[in-house]
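Chemist: This is the content of final.cif (mmCIF, C-alpha atoms):
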```cif
data_entry
#
loop_
_atom_site.label_atom_id
_atom_site.label_comp_id
_atom_site.auth_asym_id
_atom_site.auth_seq_id
_atom_site.Cartn_x
_atom_site.Cartn_y
_atom_site.Cartn_z
CA MET A 1 143.36 0.67 149.01
CA SER A 2 140.75 2.42 146.85
CA PRO A 3 141.54 2.62 143.16
CA SER A 4 142.19 5.94 141.49
CA LEU A 5 139.23 6.62 139.19
CA PRO A 6 139.85 8.50 135.95
CA GLN A 7 137.76 11.60 135.43
CA ASP A 8 135.63 10.01 132.71
CA VAL A 9 134.76 7.06 134.97
CA ARG A 10 133.90 9.43 137.82
CA LEU A 11 131.60 11.34 135.45
CA LEU A 12 129.99 8.09 134.38
CA SER A 13 129.51 7.02 137.99
CA LYS A 14 127.92 10.34 138.93
CA THR A 15 125.63 10.27 135.88
CA ALA A 16 124.55 6.70 136.64
CA SER A 17 123.76 7.64 140.25
CA HIS A 18 121.61 10.56 139.13
CA ALA A 19 119.84 8.31 136.63
CA LEU A 20 119.02 5.76 139.32
CA GLU A 21 117.64 8.45 141.61
CA ALA A 22 115.52 9.85 138.77
CA LEU A 23 113.99 6.42 138.14
CA ALA A 24 113.57 5.63 141.83
CA THR A 25 111.52 8.79 142.36
CA ALA A 26 109.49 8.44 139.13
CA GLN A 27 105.90 7.22 139.11
CA LEU A 28 106.56 3.56 138.29
CA SER A 29 103.29 2.35 139.80
CA GLN A 30 101.39 3.18 136.61
CA HIS A 31 102.60 -0.03 135.00
CA PRO A 32 101.21 -3.59 135.29
CA GLN A 33 101.84 -5.18 138.68
CA ALA A 34 104.37 -7.73 137.39
CA THR A 35 106.36 -5.02 135.60
CA GLU A 36 106.21 -2.72 138.63
CA ARG A 37 107.51 -5.55 140.84
CA LEU A 38 110.46 -6.17 138.52
CA PHE A 39 111.25 -2.44 138.47
CA ASP A 40 111.26 -2.37 142.28
CA LEU A 41 113.51 -5.44 142.53
CA ALA A 42 115.95 -4.03 139.96
CA VAL A 43 116.16 -0.67 141.75
CA ARG A 44 116.72 -2.39 145.11
CA ALA A 45 119.48 -4.57 143.63
CA LEU A 46 121.18 -1.54 142.08
CA ARG A 47 121.12 0.28 145.41
CA ILE A 48 122.94 -2.56 147.18
CA ARG A 49 125.27 -3.04 144.19
CA ASP A 50 124.07 -6.55 143.43
CA TYR A 51 124.49 -5.94 139.72
CA GLY A 52 123.97 -9.56 138.66
CA ALA A 53 120.53 -9.59 140.28
CA ALA A 54 119.78 -6.12 138.91
CA LEU A 55 120.56 -7.30 135.37
CA HIS A 56 118.36 -10.37 135.87
CA TYR A 57 115.34 -8.33 137.00
CA ALA A 58 115.87 -5.57 134.43
CA ASP A 59 116.23 -8.12 131.62
CA ALA A 60 112.99 -9.79 132.69
CA ALA A 61 111.28 -6.38 132.72
CA VAL A 62 112.57 -5.63 129.21
CA ASP A 63 111.18 -8.96 127.93
CA LEU A 64 107.81 -8.35 129.59
CA ALA A 65 107.54 -4.79 128.26
CA HIS A 66 108.59 -5.95 124.79
CA GLU A 67 105.76 -8.50 124.77
CA GLN A 68 103.39 -5.64 125.58
CA LEU A 69 104.79 -3.58 122.69
CA LEU A 70 104.27 -6.45 120.26
CA SER A 71 100.65 -6.92 121.33
CA TYR A 72 99.68 -3.72 119.47
CA PRO A 73 99.92 -2.69 115.80
CA HIS A 74 103.20 -0.85 115.24
CA ARG A 75 101.64 2.59 114.76
CA ALA A 76 99.07 2.19 117.54
CA VAL A 77 101.18 1.31 120.58
CA PRO A 78 99.90 3.34 123.57
CA GLN A 79 102.18 5.33 125.83
CA ALA A 80 102.26 3.01 128.86
CA PRO A 81 104.09 0.01 127.31
CA ARG A 82 106.52 2.35 125.54
CA VAL A 83 107.37 4.03 128.86
CA ALA A 84 107.70 0.63 130.54
CA PHE A 85 110.12 -0.57 127.86
CA THR A 86 112.15 2.62 128.23
CA VAL A 87 112.39 2.37 132.03
CA ALA A 88 113.33 -1.32 131.87
CA SER A 89 116.03 -0.55 129.28
CA ILE A 90 117.52 2.21 131.45
CA LEU A 91 117.62 -0.13 134.44
CA LYS A 92 119.32 -2.75 132.27
CA ALA A 93 121.91 -0.18 131.18
CA LEU A 94 122.59 0.80 134.81
CA ALA A 95 123.07 -2.87 135.70
CA TYR A 96 125.70 -3.17 132.97
CA LEU A 97 127.39 0.02 134.19
CA GLY A 98 127.43 -0.99 137.85
CA PRO A 99 130.70 -2.95 137.83
CA VAL A 100 132.29 -0.21 135.72
CA THR A 101 131.36 2.67 138.02
CA SER A 102 131.85 0.73 141.28
CA PRO A 103 135.25 -0.98 140.95
CA PRO A 104 136.61 -3.35 143.61
CA THR A 105 138.29 -1.62 146.56
CA ASP A 106 141.28 -3.98 146.59
CA HIS A 107 143.03 -2.68 143.50
CA GLY A 108 146.56 -2.17 144.76
CA GLY A 109 146.30 1.60 144.40
CA ALA A 110 146.71 1.40 140.64
CA GLU A 111 144.62 3.50 138.28
CA TYR A 112 141.37 1.74 137.51
CA ASN A 113 140.72 0.97 133.83
CA ALA A 114 137.11 0.08 133.05
CA GLN A 115 136.46 -2.56 130.42
CA PRO A 116 134.57 -1.18 127.40
CA GLU A 117 132.25 -4.15 126.75
CA PRO A 118 129.73 -3.42 129.56
CA ILE A 119 129.57 0.20 128.39
CA VAL A 120 128.91 -0.94 124.81
CA GLN A 121 126.11 -3.20 126.08
CA ALA A 122 124.62 -0.31 128.08
CA ILE A 123 124.62 1.92 124.99
CA ARG A 124 122.90 -0.82 123.00
CA SER A 125 120.20 -1.18 125.65
CA LEU A 126 119.42 2.55 125.54
CA ASP A 127 119.48 2.75 121.74
CA VAL A 128 117.11 -0.20 121.41
CA ALA A 129 114.75 1.67 123.74
CA LEU A 130 114.94 4.78 121.55
CA LEU A 131 114.39 2.76 118.37
CA LYS A 132 111.51 0.62 119.63
CA ALA A 133 109.74 2.99 122.03
CA GLY A 134 110.79 6.42 120.72
CA ARG A 135 111.70 9.44 122.83
CA ILE A 136 108.71 8.88 125.10
CA ALA A 137 110.10 9.31 128.62
CA HIS A 138 113.27 10.07 130.61
CA GLU A 139 114.96 11.57 127.55
CA ALA A 140 117.34 13.67 129.67
CA VAL A 141 118.42 10.57 131.60
CA ILE A 142 119.13 8.64 128.41
CA ASP A 143 120.98 11.52 126.75
CA SER A 144 123.18 12.18 129.81
CA LEU A 145 124.07 8.51 130.20
CA ILE A 146 124.98 8.12 126.53
CA GLN A 147 127.02 11.33 126.57
CA ALA A 148 128.98 10.15 129.62
CA MET A 149 129.60 6.72 128.08
CA MET A 150 130.74 8.21 124.79
CA ALA A 151 133.16 10.43 126.70
CA TYR A 152 134.83 7.29 128.01
CA LEU A 153 134.97 5.25 124.81
CA ALA A 154 137.79 6.34 122.51
CA VAL A 155 137.12 6.97 118.82
CA PRO A 156 139.89 5.89 116.42
CA THR A 157 141.39 8.61 114.24
CA ILE A 158 140.85 7.95 110.53
CA SER A 159 142.64 10.22 108.08
CA GLU A 160 140.88 9.40 104.81
CA PRO A 161 137.70 11.30 103.94
CA LEU A 162 134.30 9.67 103.94
CA ALA A 163 133.93 9.96 100.17
CA SER A 164 135.65 11.53 97.22
CA GLN A 165 133.84 14.61 95.98
CA ASP A 166 135.23 14.15 92.47
CA PRO A 167 133.05 12.83 89.62
CA THR A 168 133.11 9.05 89.26
CA ALA A 169 133.66 7.16 86.03
CA ASP A 170 130.17 5.65 85.96
CA GLU A 171 128.20 8.89 86.29
CA PRO A 172 125.32 8.85 83.81
CA THR A 173 125.19 11.42 81.06
CA ILE A 174 122.41 13.88 81.87
CA ALA A 175 120.07 14.47 78.93
CA PHE A 176 117.03 16.06 80.61
CA GLN A 177 118.43 18.20 83.43
CA VAL A 178 116.23 19.29 86.32
CA PRO A 179 116.07 23.13 86.25
CA GLN A 180 118.83 24.64 88.42
CA LEU A 181 118.66 27.77 90.58
CA THR A 182 121.17 29.38 92.92
CA VAL A 183 119.62 30.26 96.30
CA PRO A 184 116.27 31.38 94.88
CA PRO A 185 114.28 33.81 97.05
CA LEU A 186 111.40 32.31 98.99
CA THR A 187 108.89 33.90 96.62
CA GLU A 188 110.48 32.21 93.63
CA PHE A 189 110.55 28.88 95.41
CA ALA A 190 106.86 29.38 96.28
CA SER A 191 106.05 29.50 92.57
CA HIS A 192 107.63 26.07 92.07
CA LEU A 193 105.85 24.79 95.18
CA VAL A 194 102.51 25.92 93.79
CA ALA A 195 103.27 24.59 90.30
CA GLN A 196 104.73 21.37 91.76
CA THR A 197 107.80 21.46 89.53
CA PRO A 198 111.16 19.98 90.61
CA ILE A 199 114.22 22.23 90.93
CA LEU A 200 117.84 21.73 91.94
CA ILE A 201 118.90 24.46 94.40
CA GLN A 202 122.57 25.32 94.70
CA GLY A 203 124.32 27.34 97.40
CA ALA A 204 121.55 27.12 100.01
CA LEU A 205 123.40 24.91 102.51
CA THR A 206 126.77 26.63 102.82
CA HIS A 207 125.98 27.63 106.42
CA TRP A 208 125.51 24.03 107.56
CA PRO A 209 128.23 22.93 110.03
CA ALA A 210 127.98 19.45 108.43
CA LEU A 211 129.45 21.04 105.29
CA SER A 212 131.93 23.40 106.95
CA ASP A 213 133.47 23.41 110.43
CA ARG A 214 131.97 20.07 111.58
CA PRO A 215 132.18 18.21 108.28
CA TRP A 216 130.50 14.84 107.96
CA SER A 217 133.04 14.04 105.25
CA ASP A 218 135.56 13.69 108.12
CA ARG A 219 135.15 10.08 109.23
CA THR A 220 136.73 10.70 112.64
CA TYR A 221 134.33 13.56 113.37
CA LEU A 222 131.32 11.58 112.17
CA ARG A 223 132.21 8.60 114.37
CA SER A 224 132.77 10.87 117.35
CA ALA A 225 129.63 12.96 116.89
CA ALA A 226 127.32 10.04 116.14
CA GLY A 227 129.01 7.60 118.49
CA GLU A 228 130.86 4.60 117.14
CA HIS A 229 128.90 2.21 119.36
CA ARG A 230 125.46 3.75 118.84
CA VAL A 231 123.05 1.14 117.48
CA VAL A 232 121.27 1.99 114.22
CA PRO A 233 118.81 0.15 111.92
CA VAL A 234 120.43 -0.98 108.68
CA GLU A 235 118.62 -2.27 105.61
CA LEU A 236 120.34 -5.27 104.02
CA GLY A 237 119.68 -6.18 100.40
CA LYS A 238 119.67 -4.80 96.87
CA ASP A 239 116.67 -2.58 97.66
CA TYR A 240 113.42 -2.83 99.60
CA THR A 241 111.64 -4.63 96.74
CA ASP A 242 114.13 -7.51 96.85
CA GLN A 243 112.79 -10.73 98.39
CA GLN A 244 116.04 -11.14 100.33
CA TRP A 245 115.74 -7.64 101.83
CA THR A 246 115.85 -7.49 105.62
CA GLN A 247 116.82 -5.16 108.48
CA LYS A 248 119.35 -5.49 111.27
CA LEU A 249 120.40 -3.42 114.28
CA MET A 250 124.16 -2.87 114.42
CA PRO A 251 126.71 -0.44 115.90
CA PHE A 252 127.26 2.63 113.75
CA GLY A 253 131.02 2.03 113.53
CA GLU A 254 130.50 -1.55 112.39
CA PHE A 255 128.04 -0.34 109.75
CA LEU A 256 130.64 2.10 108.39
CA ASP A 257 133.48 -0.43 108.45
CA VAL A 258 131.61 -3.40 106.99
CA HIS A 259 129.06 -1.89 104.63
CA VAL A 260 130.21 1.62 103.68
CA PHE A 261 134.01 1.27 103.51
CA GLY A 262 134.61 -2.48 103.63
CA PRO A 263 135.91 -4.29 100.55
CA ARG A 264 133.22 -4.82 97.93
CA ASP A 265 132.03 -8.41 97.97
CA ALA A 266 129.24 -9.66 95.71
CA SER A 267 128.25 -12.23 98.35
CA LYS A 268 127.77 -9.52 100.97
CA PRO A 269 124.40 -7.71 100.99
CA VAL A 270 124.38 -3.97 100.46
CA GLY A 271 123.89 -2.15 103.78
CA TYR A 272 121.92 1.10 103.86
CA LEU A 273 120.86 3.30 106.76
CA ALA A 274 117.77 4.56 104.96
CA GLN A 275 114.96 6.94 105.94
CA HIS A 276 115.89 6.86 109.62
CA ASP A 277 115.22 9.73 112.05
CA LEU A 278 118.82 9.69 113.20
CA PHE A 279 118.48 13.23 114.55
CA ALA A 280 115.87 12.30 117.15
CA GLN A 281 117.98 9.33 118.21
CA ILE A 282 121.26 11.30 118.24
CA PRO A 283 120.40 14.98 118.84
CA ARG A 284 124.04 16.06 118.55
CA LEU A 285 123.92 15.44 114.79
CA ALA A 286 120.87 17.69 114.51
CA GLU A 287 123.13 20.58 115.56
CA ASP A 288 125.08 20.15 112.31
CA ILE A 289 122.15 20.78 109.96
CA VAL A 290 119.45 23.42 109.58
CA VAL A 291 115.92 22.84 108.30
CA PRO A 292 115.75 24.86 105.06
CA ASP A 293 113.50 27.93 105.17
CA TYR A 294 111.90 26.65 101.97
CA CYS A 295 110.08 24.04 104.10
CA TYR A 296 108.05 26.84 105.68
CA VAL A 297 107.08 28.70 102.53
CA ASP A 298 103.33 29.39 102.37
CA PRO A 299 102.02 28.30 98.94
CA GLY A 300 99.28 30.88 99.36
CA ASP A 301 96.31 28.55 99.12
CA ASP A 302 95.19 28.89 102.74
CA ASP A 303 96.23 31.67 105.11
CA ASP A 304 95.08 29.57 108.06
CA ASP A 305 97.48 26.71 107.40
CA PRO A 306 99.53 25.91 110.53
CA MET A 307 103.31 25.77 110.40
CA PRO A 308 104.11 22.39 108.81
CA ASP A 309 105.71 19.57 110.75
CA VAL A 310 108.96 18.74 108.99
CA ALA A 311 110.00 15.07 109.07
CA THR A 312 113.79 14.81 108.89
CA ASN A 313 115.51 11.56 107.93
CA ALA A 314 119.07 10.45 107.26
CA TRP A 315 120.33 8.29 104.40
CA ILE A 316 123.86 6.83 104.74
CA GLY A 317 125.32 4.14 102.53
CA PRO A 318 128.04 2.99 100.14
CA GLU A 319 128.30 3.43 96.41
CA GLY A 320 125.53 1.55 94.64
CA THR A 321 122.64 1.95 97.08
CA ILE A 322 119.33 2.24 95.25
CA SER A 323 115.93 3.64 96.11
CA PRO A 324 113.56 2.17 93.50
CA LEU A 325 111.25 4.46 91.55
CA HIS A 326 108.61 5.51 94.08
CA THR A 327 106.54 8.42 95.38
CA ASP A 328 106.45 10.17 98.75
CA PRO A 329 103.30 11.30 100.58
CA LYS A 330 104.69 14.82 101.13
CA ASN A 331 106.85 17.42 99.42
CA ASN A 332 110.52 16.54 99.82
CA LEU A 333 113.61 18.74 100.00
CA PHE A 334 116.48 16.30 99.53
CA ALA A 335 119.85 17.62 100.77
CA GLN A 336 123.14 16.05 99.75
CA VAL A 337 125.88 16.33 102.39
CA VAL A 338 128.58 13.84 101.36
CA GLY A 339 129.15 12.07 98.05
CA ARG A 340 127.07 12.14 94.88
CA LYS A 341 123.83 10.60 93.67
CA TYR A 342 121.94 10.20 90.43
CA VAL A 343 118.22 11.04 90.58
CA ARG A 344 115.55 10.55 87.92
CA LEU A 345 112.01 11.94 88.21
CA TYR A 346 108.69 11.24 86.46
CA SER A 347 105.59 13.41 86.73
CA PRO A 348 102.56 11.92 88.52
CA LYS A 349 100.75 12.55 85.23
CA ARG A 350 102.84 9.67 83.81
CA SER A 351 101.97 7.16 86.52
CA ASP A 352 100.49 4.73 84.01
CA ALA A 353 103.85 4.55 82.21
CA VAL A 354 105.84 3.60 85.32
CA TYR A 355 103.63 0.59 86.16
CA PRO A 356 103.07 0.93 89.92
CA HIS A 357 102.55 -2.15 92.04
CA ASP A 358 98.97 -2.86 93.06
CA GLN A 359 97.71 0.04 95.19
CA SER A 360 96.42 -2.36 97.84
CA SER A 361 99.90 -3.81 98.43
CA MET A 362 102.66 -2.48 100.69
CA LEU A 363 104.51 -1.46 97.50
CA GLY A 364 101.61 0.58 96.14
CA ASN A 365 103.84 3.68 95.96
CA THR A 366 106.62 1.86 94.07
CA SER A 367 107.13 1.16 90.37
CA GLN A 368 107.68 -2.35 89.03
CA VAL A 369 110.25 -1.03 86.54
CA ASN A 370 114.02 -1.32 86.98
CA VAL A 371 114.75 2.24 85.84
CA GLU A 372 118.26 1.79 84.45
CA GLU A 373 117.69 -1.72 83.06
CA PRO A 374 113.97 -1.76 82.16
CA ASP A 375 112.19 -4.78 80.72
CA LEU A 376 110.47 -2.99 77.84
CA ASP A 377 108.66 -6.10 76.72
CA ALA A 378 106.87 -6.22 80.07
CA PHE A 379 106.62 -2.41 80.46
CA PRO A 380 106.50 -0.91 76.93
CA LEU A 381 105.04 2.50 77.89
CA PHE A 382 108.09 3.21 80.06
CA ALA A 383 110.32 3.66 77.01
CA LYS A 384 108.52 6.84 75.91
CA ALA A 385 107.74 8.32 79.33
CA PRO A 386 109.33 11.80 79.62
CA TYR A 387 111.50 12.41 82.67
CA LEU A 388 113.88 14.81 84.36
CA GLU A 389 117.22 13.82 85.87
CA THR A 390 120.14 15.27 87.75
CA LEU A 391 123.36 14.57 89.58
CA ILE A 392 123.28 15.94 93.12
CA GLY A 393 126.44 16.69 95.08
CA PRO A 394 127.47 18.13 98.45
CA GLY A 395 125.63 21.32 99.36
CA GLU A 396 122.85 20.89 96.80
CA LEU A 397 119.15 20.66 97.56
CA LEU A 398 116.63 18.91 95.29
CA PHE A 399 112.94 19.80 95.51
CA ILE A 400 110.83 16.71 94.78
CA PRO A 401 107.12 17.65 94.74
CA VAL A 402 104.63 15.34 96.40
CA GLY A 403 103.52 12.54 94.08
CA TRP A 404 106.50 12.78 91.70
CA TRP A 405 108.10 9.43 91.00
CA HIS A 406 111.81 9.42 91.81
CA TYR A 407 114.65 6.92 91.52
CA VAL A 408 117.93 7.44 93.41
CA ARG A 409 121.31 5.69 93.03
CA SER A 410 124.45 6.60 94.96
CA LEU A 411 127.61 7.07 92.91
CA SER A 412 129.94 7.03 95.92
CA PRO A 413 129.72 6.58 99.69
CA SER A 414 127.03 9.07 100.53
CA ILE A 415 125.13 10.93 103.21
CA SER A 416 121.83 12.67 102.45
CA VAL A 417 119.09 14.28 104.54
CA SER A 418 115.45 14.44 103.45
CA PHE A 419 112.95 17.00 104.70
CA TRP A 420 109.29 16.05 104.20
CA PHE A 421 106.90 18.98 104.62
#
```
Mind converting the file's structure to structure tokens?
Modeler:
Amino acid sequence: MSPSLPQDVRLLSKTASHALEALATAQLSQHPQATERLFDLAVRALRIRDYGAALHYADAAVDLAHEQLLSYPHRAVPQAPRVAFTVASILKALAYLGPVTSPPTDHGGAEYNAQPEPIVQAIRSLDVALLKAGRIAHEAVIDSLIQAMMAYLAVPTISEPLASQDPTADEPTIAFQVPQLTVPPLTEFASHLVAQTPILIQGALTHWPALSDRPWSDRTYLRSAAGEHRVVPVELGKDYTDQQWTQKLMPFGEFLDVHVFGPRDASKPVGYLAQHDLFAQIPRLAEDIVVPDYCYVDPGDDDDDPMPDVATNAWIGPEGTISPLHTDPKNNLFAQVVGRKYVRLYSPKRSDAVYPHDQSSMLGNTSQVNVEEPDLDAFPLFAKAPYLETLIGPGELLFIPVGWWHYVRSLSPSISVSFWF
């Protein structure tokens, strides 16, 4: 007797079938012959429901495409190997989903309950494709598969908020406050943009769903919207200048449980989801924020300037995460969504006093000074370098002009969004 399939499994089965048809009719012959052959074998195996063989061929195609990705410099990988890696990863995900969406017929008439582990593996395969190849091809297929899988996987309800919004005991005393404005008109912001002077903007983000009806401070909503099993890149270590610093891919829920809310343990490295385009990877979260209009203000120096491309990145971590004193290559509007941070800024005119690393090194945009515990014997000019500082909390927006040195420390579990323009 055929098993009774729950609605979410039927949706997943239908979505997987559509995904297979989309790949089967795509132009897969543009890839190297060996890769094309593996694609064909994987598709054939999926059609006859030989999911073990399909996983074997798809896994081999992923390995082959990954070798092609690694044969190019990171920022110069051409489109073809990125597409090949994406297609192979989708086929691998479909192979994992096969036994879930095609249960055995002899099931005694009972309701069929799919095991979550193959679905988790399928999500990982698709996320790795997004992280390593980008949104280069078959985006609609990937998004529909992930949405259907997330609909099946339950998200635990968690009552406590993501972070307390109350001041913490170790908040620094602010002596040289960044100038503060409440929702300045665009013309007033333009004057600061032209003068390249930092300002703290209050009240400009009240319309964000992430701060109102879809609050990211609600841990259950955040897990549900992002996807507990979505795979994200996490930085591990004191900060990126630490010799022990490394990166690891892990499920979003595990990142929250172990690194953001887990018990503090000095032997455990700090985990930080830092400067990651989470909104391209998980478009649903992009619906909860709005690019500030200030990003599109014309400074008035060239009427022919095109509309700027705004690079949007997420920053999620526990209390104590640190971004060392550094500069950015573009103007930055830094939005605080959850929790609080301490920020200190130094003018680019004082670059000599912050002792940058050698400009030819990978840390050429980073200071050698530990801002809150400086070695003044090694860096004596730092003691007299003037600076601005501020505490930034939920709903506030900090304008950091291009070239300004800035140091950031979280005072609680925190979520921020940066807009480079």
Chemist: From the list A:Ile316, A:Val77, A:Val371, A:Leu205, which residue is nearest A:Leu397 when using all atoms listed in the file?
Modeler: A:Leu205
Chemist: Hey, can you check how far atom CA of A:Asp265 sits from atom CA of A:Gly317?
Modeler: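 Distance reported for this atom pair: 14.9 Å.
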Chemist: Excluding stretch 353-360 of chain A and residues on its chain fewer than 6 positions from it, collect all residues at most 7 Å away from it, counting only C-alpha atoms, and give them as a VMD selection string.
Modeler: chain A and resid 366 to 369 381 to 382 385
Chemist: Quick one: apply the PyMOL selection byres ((chain A and resi 62-71) around 8) to the file and drop the selected residues here as number ranges by chain.
Modeler: A: 35, 58-61, 72-74, 77, 81-82, 84-85, 88-89, 92
Chemist: Excluding same-chain residues fewer than 4 positions from A:Lys268, what lies within 9 Å of it counting only C-alpha atoms, as a PyMOL selection string?
Modeler: chain A and resi 237+259+264
Chemist: Could the residues in this selection be saved with C-alpha atoms as a CSV table (one decimal), keeping the file's coordinate frame?
Modeler:
```
chain,number,residue,atom,x,y,z
A,237,GLY,CA,119.7,-6.2,100.4
A,259,HIS,CA,129.1,-1.9,104.6
A,264,ARG,CA,133.2,-4.8,97.9
```
Chemist: Mind checking which residues fall within 9 Å of A:Pro283, counting only C-alpha atoms, ignoring those fewer than 5 positions away in the same chain, and posting them as a ChimeraX atom specification?
Modeler: /A:143,226,278
Chemist: Could those selected residues go to a file with C-alpha atoms, as a PDB file, in the frame of the given file?
Modeler:
```pdb
ATOM      1  CA  ASP A 143     120.980  11.520 126.750  1.00  0.00           C
ATOM      2  CA  ALA A 226     127.320  10.040 116.140  1.00  0.00           C
ATOM      3  CA  LEU A 278     118.820   9.690 113.200  1.00  0.00           C
TER       4      LEU A 278
END
```
Chemist: Starting from the point (122.6, 8.2, 126.5), work out which residues of protein, DNA or RNA have an atom no more than 12 Å away when counting all atoms listed in the file; state them as a PyMOL selection string.
Modeler: chain A and resi 12+15-16+19+86+89-90+93-94+119-130+135+138-151+226-227+229-231+281-284
Chemist: May I ask for the distance between atom CA of A:Val337 and atom CA of A:Ala266, given in Å to one decimal place?
Modeler: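 Value for the atom CA of A:Val337-atom CA of A:Ala266 distance: 27.0 Å.
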